Structure formats: structure tokens, C-alpha cells
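Colleague: Attaching a single structure in C-alpha cells format; questions to follow.
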Amino acid sequence: MKRILITGNMGYVGPGVVRRLRQAFPGAELIGYDLGFFAHCLTGADCLPEIRLDRQVFGDVRRLPLDLLSGVDVVVNLAAISNDPMSHAFEDVTLAVNHRAGIELARRAKAAGVRSFVFASSCSMYGAGADAPRTESAVLNPLTAYARSKVLSEQDLAPLADEHFRVTCLRFATACGWSERLRLDLVVNDFVAGAVATGRINILSDGTPWRPLIHVQDMARAIEWAVERPAANGGAFLAVNVGADAWNYQVHELATAVAAAVPGTEVTLNHEAPPDKRSYRVDFSLFRRLAPFHQPQRTLPDTIVELRDQLQHMGFHDAEFRVSQLMRLRVLTALREAGRLNEELEWQRSAVARPLVAADPELVA
């Protein structure tokens with residue numbers, strides 16, 4: 001293996017993926033490609049995560065330079081408008097980036113001789129399905145633009161796969177855990193932040209929805225497996241649920257686990273909230289069979305303790321963290337309000353030098 005291109009590497013998941021691929025393939029050239037929206041959102045990093053790359057290229061996946069694919073053996077596509085609130089605020093951009101640009105990237109990669117294409121998909125495409133754990137053959141019920149973008153991408157990636165172009169769609173459970181670019185707009189991370197900063201966890205629903213979870217480090221383990229997955233192990237095109245059966249939890253169970261790790265935490269439920277349709281359990285038996293040596297290693301209790309300890313080490317105490325730059329939608333909103341991004345989430349070069357409001361140094365260190 002000579003060269004691996006990782007798009008969207010400067011988000012929440014990217015630092016762990018880069019670290020893992022550097023360890024697994026020390027002789028490979030690792031190239032990052034990212035617009036840099038969240039490059040400044042560092043949390044507790046002792047160095048810039050991208051120093052593990054051979055090259056970091058800044059650019060828009062919607063306009064990827066053709067020469068960047070020259071000599072590339074593997075593409076790992078993490079680039080996305082990534083979560084439901086952002087996709088709701090920027091629905092057209094979500095479909096343009098997550099679906100159309102991703103498929104064009106795959107077409108160009110295949111034409112350039114890339115042999116393995118790894119796509120970060122999502123279990124969110126199951127939408128509403130709390131009656132039984134969803135297998136890969138279950139009916140898809142995407143409820144948001146983000147989930148729809150993943151369904152459309154998988155549908156259009158399948159015809160591109162063949163004996164020379166292997167496509168692996170990793171349907172990840174909901175991410176959680178520590179990262180050098182931490183996000184708090186994820187359920188477990190949000191609960192731990194609330195417990196640490198305020199001593200309270202306010203659940204916006206009645207707590208009954210199901211969520212499958214996975215630590216970001218275990219996501220990186222799965223990507224390592226997908227990079228070299230032989231076609232005989234799942235076929236030229238594979239869409240597989242990635243996570244562990246033991247990590248299917250109801251939301252109230254997550255809050256209880258966090259409260260146990262942060263003594264004195266009060267948990268409140270909103271019994272008057274309308275039912276949250278996004279509720280699903282997932283069956284991960286296919287991934288367990290195909291990737292026995294790359295199964296998730298982290299547990300919910302140690303993930304909660306890790307988040308608690310890292311936030312406390314940062315001196316985290318922001319009760320208003322939901323309007324901080326640890327929330328990805330808030331970052332994009334601030335960049336838009338400063339005139340740095342246009343409505344299509346493209347950099348306005350003439351406005352890049354304009355200062356943003358100074359961030360709290362205790363939140364981003």
C-alpha cells in the first residue's frame with residue numbers, strides 16, 4: 001500500500017482514524033483533505049493531530065483536485081455535514097456534500113485506479129425501528145436529511161463496485177468518546193458534559209428511545225479493517241452495521257450510567273415531549289463474523305469515565321456549552337454570521353481575515 005487519502009479528516013472522528021492508520025500502515029503516505037471548518041476546535045490536544053499525516057490539503061470535497069487521486073490506493077471518505085441538526089439547517093448542502101460529492105469522488109477514484117473505497121455510513125438510516133434489532137437487510141426508514149444522504153450514497157456506490165474497486169460502507173452506530181476535536185452534540189458526550197459542568201442531565205425526551213453507540217477509537221479500528229478487506233470477505237460491495245450488540249441502550253440508561261460516574265448528578269426526563277421517532281436497535285452479528293479481530297474494545301463505563309476525567313482536566317465548567325464551539329452547528333453559525341461562509345458553506349476568501357469573537361480559552365485548549 002502506497003497512499004491513503006482521508007477526506008474530512010479534521011472533524012471529530014478524523015484524528016483517531018489518522019492515528020490508527022499511521023500505526024497500522026507505517027509505510028503508507030497518508031493525505032488529509034478537509035475544508036477546515038473545525039480545525040480550530042481542539043480539545044486537550046498536546047499537538048496538532050495532523051502532524052501524523054504526510055500531507056494536509058485544504059479544499060472542498062465538492063471540488064476535489066483530480067491530481068490528488070494520483071497514485072492513491074485507498075480513499076476513506078469521512079467528509080460530511082454530520083448530524084441531524086446541521087443537516088436540518090443546511091439540507092441542500094447536506095445532500096450536495098454527503099451524497100453528490102461523495103459519489104463523484106468515488107467515480108473519480110475508480111477512474112484513477114483506487115482499489116478500495118471506504119465510506120462512513122450510519123445506522124441512523126434505520127430511523128424508527130424499536131421493535132427488533134435491525135440487520136443490514138432491514139427496511140430503511142431515514143427520518144432526516146443526514147440519514148437520507150447516507151441511504152442515497154449507498155445506493156449509488158453499489159453499482160460502482162467490482163473486482164477492481166472494492167466499496168465498504170460502514171454503518172456506524174452513534175459516535176461517542178474523547179477526541180482531540182471533541183463534539184458535545186452527541187448523546188453520551190452531551191450527558192457527561194452536563195453532569196460535569198452543572199450536575200444535571202436534562203433529557204429532552206421521555207428517555208425511552210433506543211440508540212446504538214460506538215467509541216470513536218473503535219470506529220477507527222473498523223476503518224482499518226475496511227481499508228484492506230478482501231473482496232472475498234463480504235463481496236466487492238459491502239454495507240455492514242458497525243458496533244456491538246452490548247452497546248444498544250435506551251437514552252435513560254445512558255443518563256443513569258453517567259450519573260453513577262459523576263456523583264450528585266440529577267437526571268430529569270421530559271414526559272410531556274412528543275415521542276422521538278428516532279429509535280432503533282441494531283444487530284451487529286455480520287460485522288462480528290466478518291471482522292473478528294477488529295471488534296469494539298471500549299465499554300460504556302470506561303467511555304464515560306474517560307470523558308469525565310478529560311473534561312475535568314480541561315477545567316470544563318461551561319453551563320452554556322450547547323451554544324459553544326463544542327457544538328458543530330454553533331461553529332458553522334458563527335462562521336456564517338461573521339461572513340466567512342456563504343449559504344452554500346463555501347469559504348468567502350475576502351472575509352477570512354475578519355476576527356471572530358474570542359473563544360473561552362478554557363473550552364478550547
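Every chain in the C-alpha cells has a letter given in the order shown (A, B, ...), and although residue numbers restart at 1 in each chain, ligands are simply numbered from 1 in the order shown.
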With a distance cut-off of 10 Å and only C-alpha atoms, select the neighbouring residues of Thr144 of chain A, excluding the residue or stretch itself and same-chain residues fewer than 5 positions from it, and output the selection as a PyMOL selection string.

Modeller: chain A and resi 83-85+87-88+91+124-125+127+149+278

Colleague: Got a sec to tell me which of segment 88-205 of chain A DSSP assigns to strand (DSSP E), as an MDAnalysis selection string?

Modeller: chainID A and resid 116:122 128:134 166:172 174:176 200:202

Colleague: Create the file for the chosen residues now, containing N, CA, C and O atoms and written as a compact mmCIF listing (two decimals), in the first residue's frame.

Modeller:
```
# COMPACT_ATOMS: atom_id res chain seq x y z
N SER A 116 -9.67 0.54 -3.20
CA SER A 116 -10.54 0.37 -2.03
C SER A 116 -11.14 1.72 -1.65
O SER A 116 -10.42 2.71 -1.47
N PHE A 117 -12.48 1.75 -1.51
CA PHE A 117 -13.20 2.97 -1.14
C PHE A 117 -13.99 2.67 0.12
O PHE A 117 -14.86 1.79 0.12
N VAL A 118 -13.68 3.40 1.19
CA VAL A 118 -14.33 3.19 2.48
C VAL A 118 -15.22 4.39 2.77
O VAL A 118 -14.75 5.53 2.81
N PHE A 119 -16.51 4.12 2.97
CA PHE A 119 -17.48 5.17 3.17
C PHE A 119 -18.03 5.12 4.58
O PHE A 119 -18.51 4.07 5.04
N ALA A 120 -17.97 6.24 5.29
CA ALA A 120 -18.52 6.33 6.64
C ALA A 120 -20.03 6.54 6.54
O ALA A 120 -20.51 7.65 6.38
N SER A 121 -20.77 5.45 6.63
CA SER A 121 -22.22 5.50 6.59
C SER A 121 -22.76 5.55 8.02
O SER A 121 -22.01 5.83 8.96
N SER A 122 -24.05 5.26 8.21
CA SER A 122 -24.65 5.46 9.52
C SER A 122 -25.85 4.55 9.75
O SER A 122 -26.67 4.34 8.85
N ALA A 128 -36.83 4.72 12.50
CA ALA A 128 -37.78 4.26 13.50
C ALA A 128 -37.88 2.76 13.40
O ALA A 128 -38.37 2.22 12.41
N GLY A 129 -37.41 2.06 14.42
CA GLY A 129 -37.43 0.61 14.36
C GLY A 129 -37.08 -0.01 15.70
O GLY A 129 -36.07 -0.70 15.82
N ALA A 130 -37.85 0.27 16.72
CA ALA A 130 -37.52 -0.18 18.07
C ALA A 130 -38.03 -1.58 18.38
O ALA A 130 -37.77 -2.10 19.45
N ASP A 131 -38.74 -2.20 17.44
CA ASP A 131 -39.35 -3.48 17.77
C ASP A 131 -38.35 -4.62 17.81
O ASP A 131 -38.44 -5.52 18.64
N ALA A 132 -37.36 -4.62 16.93
CA ALA A 132 -36.36 -5.68 16.90
C ALA A 132 -35.06 -5.11 16.34
O ALA A 132 -35.09 -4.16 15.54
N PRO A 133 -33.91 -5.67 16.71
CA PRO A 133 -32.64 -5.16 16.19
C PRO A 133 -32.59 -5.25 14.67
O PRO A 133 -32.94 -6.27 14.08
N ARG A 134 -32.13 -4.17 14.04
CA ARG A 134 -32.10 -4.08 12.59
C ARG A 134 -30.84 -4.74 12.02
O ARG A 134 -29.73 -4.41 12.42
N ARG A 166 -13.20 -2.02 -4.73
CA ARG A 166 -13.91 -2.57 -3.58
C ARG A 166 -14.52 -1.43 -2.76
O ARG A 166 -13.83 -0.49 -2.39
N VAL A 167 -15.80 -1.51 -2.47
CA VAL A 167 -16.51 -0.48 -1.73
C VAL A 167 -17.02 -1.06 -0.41
O VAL A 167 -17.70 -2.10 -0.41
N THR A 168 -16.69 -0.39 0.69
CA THR A 168 -17.14 -0.83 2.02
C THR A 168 -17.87 0.33 2.70
O THR A 168 -17.26 1.37 2.96
N CYS A 169 -19.15 0.15 2.95
CA CYS A 169 -19.97 1.15 3.64
C CYS A 169 -20.13 0.72 5.09
O CYS A 169 -20.77 -0.31 5.37
N LEU A 170 -19.55 1.47 5.97
CA LEU A 170 -19.58 1.16 7.40
C LEU A 170 -20.74 1.92 8.04
O LEU A 170 -20.67 3.14 8.22
N ARG A 171 -21.80 1.20 8.37
CA ARG A 171 -22.96 1.83 9.01
C ARG A 171 -22.69 1.96 10.51
O ARG A 171 -23.03 1.08 11.31
N PHE A 172 -22.07 3.06 10.87
CA PHE A 172 -21.65 3.24 12.25
C PHE A 172 -22.82 3.52 13.17
O PHE A 172 -23.77 4.23 12.82
N THR A 174 -24.05 5.41 16.76
CA THR A 174 -23.82 6.79 17.18
C THR A 174 -22.47 6.91 17.89
O THR A 174 -22.19 6.17 18.84
N ALA A 175 -21.66 7.85 17.45
CA ALA A 175 -20.31 8.00 17.99
C ALA A 175 -20.33 8.60 19.39
O ALA A 175 -21.23 9.35 19.76
N CYS A 176 -19.31 8.27 20.16
CA CYS A 176 -19.11 8.87 21.47
C CYS A 176 -17.64 8.72 21.84
O CYS A 176 -16.88 8.07 21.14
N ARG A 200 -26.32 18.30 36.31
CA ARG A 200 -27.66 17.96 35.84
C ARG A 200 -27.58 17.35 34.44
O ARG A 200 -26.76 17.75 33.62
N ILE A 201 -28.48 16.41 34.20
CA ILE A 201 -28.70 15.87 32.85
C ILE A 201 -30.17 16.06 32.54
O ILE A 201 -31.04 15.48 33.20
N ASN A 202 -30.44 16.89 31.56
CA ASN A 202 -31.82 17.16 31.17
C ASN A 202 -32.12 16.40 29.87
O ASN A 202 -31.66 16.79 28.80
```

Colleague: Pick the closest to Ala319 of chain A from A:Gly8, A:Gly32, A:Gly71, A:Gly199: which is it, counting only C-alpha atoms?

Modeller: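 Using only C-alpha atoms, Ala319 of chain A sits closest to A:Gly199.
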
Colleague: For Arg330 of chain A, which of A:Val240, A:Leu184, A:Phe284, A:Thr7 is the closest residue, counting only C-alpha atoms?

Modeller: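 Closest to Arg330 of chain A, using only C-alpha atoms: A:Leu184.
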
Colleague: Name the residues of segment 59-165 of chain A that come out as helix (DSSP H, G or I) in a backbone DSSP run; write them as a ChimeraX atom specification.

Modeller: /A:61-63,66-69,84-89,91-111,123-126,145-160

Colleague: Would you save the residues of that selection, restricted to C-alpha atoms, as a PDB file, in the first residue's frame?

Modeller:
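Ended up saving to result.pdb:
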```pdb
ATOM      1  CA  VAL A  61     -14.819  17.712  -1.453  1.00  0.00           C
ATOM      2  CA  ARG A  62     -17.265  19.213  -3.959  1.00  0.00           C
ATOM      3  CA  ARG A  63     -14.227  20.400  -5.944  1.00  0.00           C
ATOM      4  CA  LEU A  66      -8.053  15.453  -9.890  1.00  0.00           C
ATOM      5  CA  ASP A  67      -4.314  15.140  -9.284  1.00  0.00           C
ATOM      6  CA  LEU A  68      -4.919  14.448  -5.588  1.00  0.00           C
ATOM      7  CA  LEU A  69      -6.063  10.928  -6.523  1.00  0.00           C
ATOM      8  CA  ASP A  84     -29.247  15.852  12.247  1.00  0.00           C
ATOM      9  CA  PRO A  85     -29.290  19.499  13.466  1.00  0.00           C
ATOM     10  CA  MET A  86     -26.733  20.566  10.851  1.00  0.00           C
ATOM     11  CA  SER A  87     -28.481  18.663   8.076  1.00  0.00           C
ATOM     12  CA  HIS A  88     -31.783  20.289   9.067  1.00  0.00           C
ATOM     13  CA  ALA A  89     -30.205  23.761   8.938  1.00  0.00           C
ATOM     14  CA  GLU A  91     -30.445  20.407   3.922  1.00  0.00           C
ATOM     15  CA  ASP A  92     -29.442  21.208   0.325  1.00  0.00           C
ATOM     16  CA  VAL A  93     -25.769  21.445   1.258  1.00  0.00           C
ATOM     17  CA  THR A  94     -26.024  18.137   3.129  1.00  0.00           C
ATOM     18  CA  LEU A  95     -27.215  16.332   0.013  1.00  0.00           C
ATOM     19  CA  ALA A  96     -24.638  18.116  -2.150  1.00  0.00           C
ATOM     20  CA  VAL A  97     -21.701  17.244   0.120  1.00  0.00           C
ATOM     21  CA  ASN A  98     -22.697  13.918   1.621  1.00  0.00           C
ATOM     22  CA  HIS A  99     -24.308  12.379  -1.445  1.00  0.00           C
ATOM     23  CA  ARG A 100     -23.479  14.020  -4.762  1.00  0.00           C
ATOM     24  CA  ALA A 101     -19.889  14.997  -3.975  1.00  0.00           C
ATOM     25  CA  GLY A 102     -19.230  11.642  -2.350  1.00  0.00           C
ATOM     26  CA  ILE A 103     -20.433   9.729  -5.408  1.00  0.00           C
ATOM     27  CA  GLU A 104     -18.405  11.941  -7.739  1.00  0.00           C
ATOM     28  CA  LEU A 105     -15.369  11.290  -5.524  1.00  0.00           C
ATOM     29  CA  ALA A 106     -15.963   7.545  -5.829  1.00  0.00           C
ATOM     30  CA  ARG A 107     -16.318   7.740  -9.627  1.00  0.00           C
ATOM     31  CA  ARG A 108     -13.104   9.719  -9.942  1.00  0.00           C
ATOM     32  CA  ALA A 109     -11.328   7.384  -7.529  1.00  0.00           C
ATOM     33  CA  LYS A 110     -12.321   4.352  -9.583  1.00  0.00           C
ATOM     34  CA  ALA A 111     -11.158   6.030 -12.803  1.00  0.00           C
ATOM     35  CA  CYS A 123     -27.165   3.323  11.389  1.00  0.00           C
ATOM     36  CA  SER A 124     -29.354   6.429  11.503  1.00  0.00           C
ATOM     37  CA  MET A 125     -30.802   5.254   8.193  1.00  0.00           C
ATOM     38  CA  TYR A 126     -32.949   2.772  10.169  1.00  0.00           C
ATOM     39  CA  ALA A 145     -31.608  14.794   5.540  1.00  0.00           C
ATOM     40  CA  TYR A 146     -28.424  13.375   7.058  1.00  0.00           C
ATOM     41  CA  ALA A 147     -29.847   9.842   7.123  1.00  0.00           C
ATOM     42  CA  ARG A 148     -31.279  10.207   3.611  1.00  0.00           C
ATOM     43  CA  SER A 149     -27.883  11.292   2.319  1.00  0.00           C
ATOM     44  CA  LYS A 150     -26.382   8.062   3.624  1.00  0.00           C
ATOM     45  CA  VAL A 151     -29.082   5.910   2.035  1.00  0.00           C
ATOM     46  CA  LEU A 152     -28.690   7.632  -1.332  1.00  0.00           C
ATOM     47  CA  SER A 153     -24.913   7.323  -1.162  1.00  0.00           C
ATOM     48  CA  GLU A 154     -25.011   3.588  -0.520  1.00  0.00           C
ATOM     49  CA  GLN A 155     -27.489   3.105  -3.362  1.00  0.00           C
ATOM     50  CA  ASP A 156     -25.230   4.922  -5.826  1.00  0.00           C
ATOM     51  CA  LEU A 157     -21.982   3.380  -4.581  1.00  0.00           C
ATOM     52  CA  ALA A 158     -23.177  -0.191  -5.097  1.00  0.00           C
ATOM     53  CA  PRO A 159     -23.117  -0.136  -8.945  1.00  0.00           C
ATOM     54  CA  LEU A 160     -19.556   1.225  -8.924  1.00  0.00           C
TER      55      LEU A 160
END
```

Colleague: In Å, with one decimal, what is the gap from atom CA of Thr303 of chain A to atom CA of Trp178 of chain A?

Modeller: 7.8 Å

Colleague: List as a VMD selection string the protein and nucleic acid residues near segment 297-302 of chain A, meaning an atom at most 7 Å away when only C-alpha atoms are counted, but skip any in the same chain fewer than 3 places from it.

Modeller: chain A and resid 215 218 305 to 306

Colleague: Residues at most 12 Å from segment 263-269 of chain A, counting only C-alpha atoms, excluding those fewer than 6 positions away in the same chain, as a list in words?

Modeller: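 Using only C-alpha atoms, the neighbours found are Phe191, Val192, Ala193, Gly194, Ala195, Val196, Ala197, Thr198, Gly199, Arg200, Ile201, Asn202, Ile203, Leu204, Ser205, Asp206, Gly207, Thr208, Val251, His252, Glu253, Leu254, Ala255, Thr256, Ala257, Val305 and Arg308 of chain A.
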
Colleague: Check the smallest atom-to-atom distance from each of A:Leu64, A:Ile51, A:Phe38, A:Ala220 to Leu335 of chain A using only C-alpha atoms, then report the winner.

Modeller: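 Counting only C-alpha atoms, the residue closest to Leu335 of chain A is A:Phe38.
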
Colleague: I need the residue nearest Cys41 of chain A from this list: A:Gln23, A:Ser179, A:Thr135, A:Asn248. Use only C-alpha atoms for the distance.

Modeller: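 Using only C-alpha atoms, Cys41 of chain A sits closest to A:Ser179.
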
Colleague: So which residues touch Leu326 of chain A within 10 Å, counting only C-alpha atoms, skipping near sequence neighbours fewer than 3 positions away, as a list in words?

Modeller: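 So, after excluding close chain neighbours, the residues are Phe38, Cys41, Leu42, Thr43, Arg181, Leu182, Arg183, Leu184, Asp185, Phe321, Arg322, Val323, Leu329, Arg330, Val331, Leu363 and Val364 of chain A.
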
Colleague: Those residues you just picked out, can you put them in a file as a PDB file, in the first residue's frame with C-alpha atoms?

Modeller:
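Written file, part.pdb:
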```pdb
ATOM      1  CA  PHE A  38     -13.473  22.715  12.680  1.00  0.00           C
ATOM      2  CA  CYS A  41     -11.916  23.200  17.665  1.00  0.00           C
ATOM      3  CA  LEU A  42      -9.115  21.441  19.514  1.00  0.00           C
ATOM      4  CA  THR A  43      -9.744  19.942  22.946  1.00  0.00           C
ATOM      5  CA  ARG A 181     -11.712  17.634  18.375  1.00  0.00           C
ATOM      6  CA  LEU A 182     -14.477  16.752  20.806  1.00  0.00           C
ATOM      7  CA  ARG A 183     -18.139  17.233  19.907  1.00  0.00           C
ATOM      8  CA  LEU A 184     -20.765  17.669  22.589  1.00  0.00           C
ATOM      9  CA  ASP A 185     -23.732  17.390  20.216  1.00  0.00           C
ATOM     10  CA  PHE A 321     -21.862  24.565  26.357  1.00  0.00           C
ATOM     11  CA  ARG A 322     -24.767  23.993  23.956  1.00  0.00           C
ATOM     12  CA  VAL A 323     -24.062  27.409  22.444  1.00  0.00           C
ATOM     13  CA  LEU A 329     -23.831  23.737  14.305  1.00  0.00           C
ATOM     14  CA  ARG A 330     -22.776  26.631  16.532  1.00  0.00           C
ATOM     15  CA  VAL A 331     -19.377  26.753  14.806  1.00  0.00           C
ATOM     16  CA  LEU A 363     -13.127  25.385  26.367  1.00  0.00           C
ATOM     17  CA  VAL A 364     -10.564  25.070  23.612  1.00  0.00           C
TER      18      VAL A 364
END
```

Colleague: Please identify all polymer residues within 12 Å of Arg22 of chain A, counting only C-alpha atoms, omitting same-chain residues fewer than 3 positions from it, and present them as a list in words.

Modeller: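 So, after excluding close chain neighbours, the residues are Arg3, Ile4, Ile6, Pro15, Gly16, Val17, Val18, Arg19, Phe25, Pro26, Gly27, Ala28, Glu29, Leu30, Ile31, Pro49, Glu50, Ile51, Arg52, Leu53, Asp54, Ala220, Arg221 and Glu224 of chain A.
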
Colleague: If I take atom CA of His40 of chain A and atom CA of Leu78 of chain A, how far is one from the other in Å, to one decimal?

Modeller: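 Value for the atom CA of His40 of chain A-atom CA of Leu78 of chain A distance: 18.1 Å.
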
Colleague: Take atom CA of Lys277 of chain A and atom CA of Gly14 of chain A and report the distance between them in Å, one decimal.

Modeller: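 Separating atom CA of Lys277 of chain A from atom CA of Gly14 of chain A is a distance of 29.2 Å.
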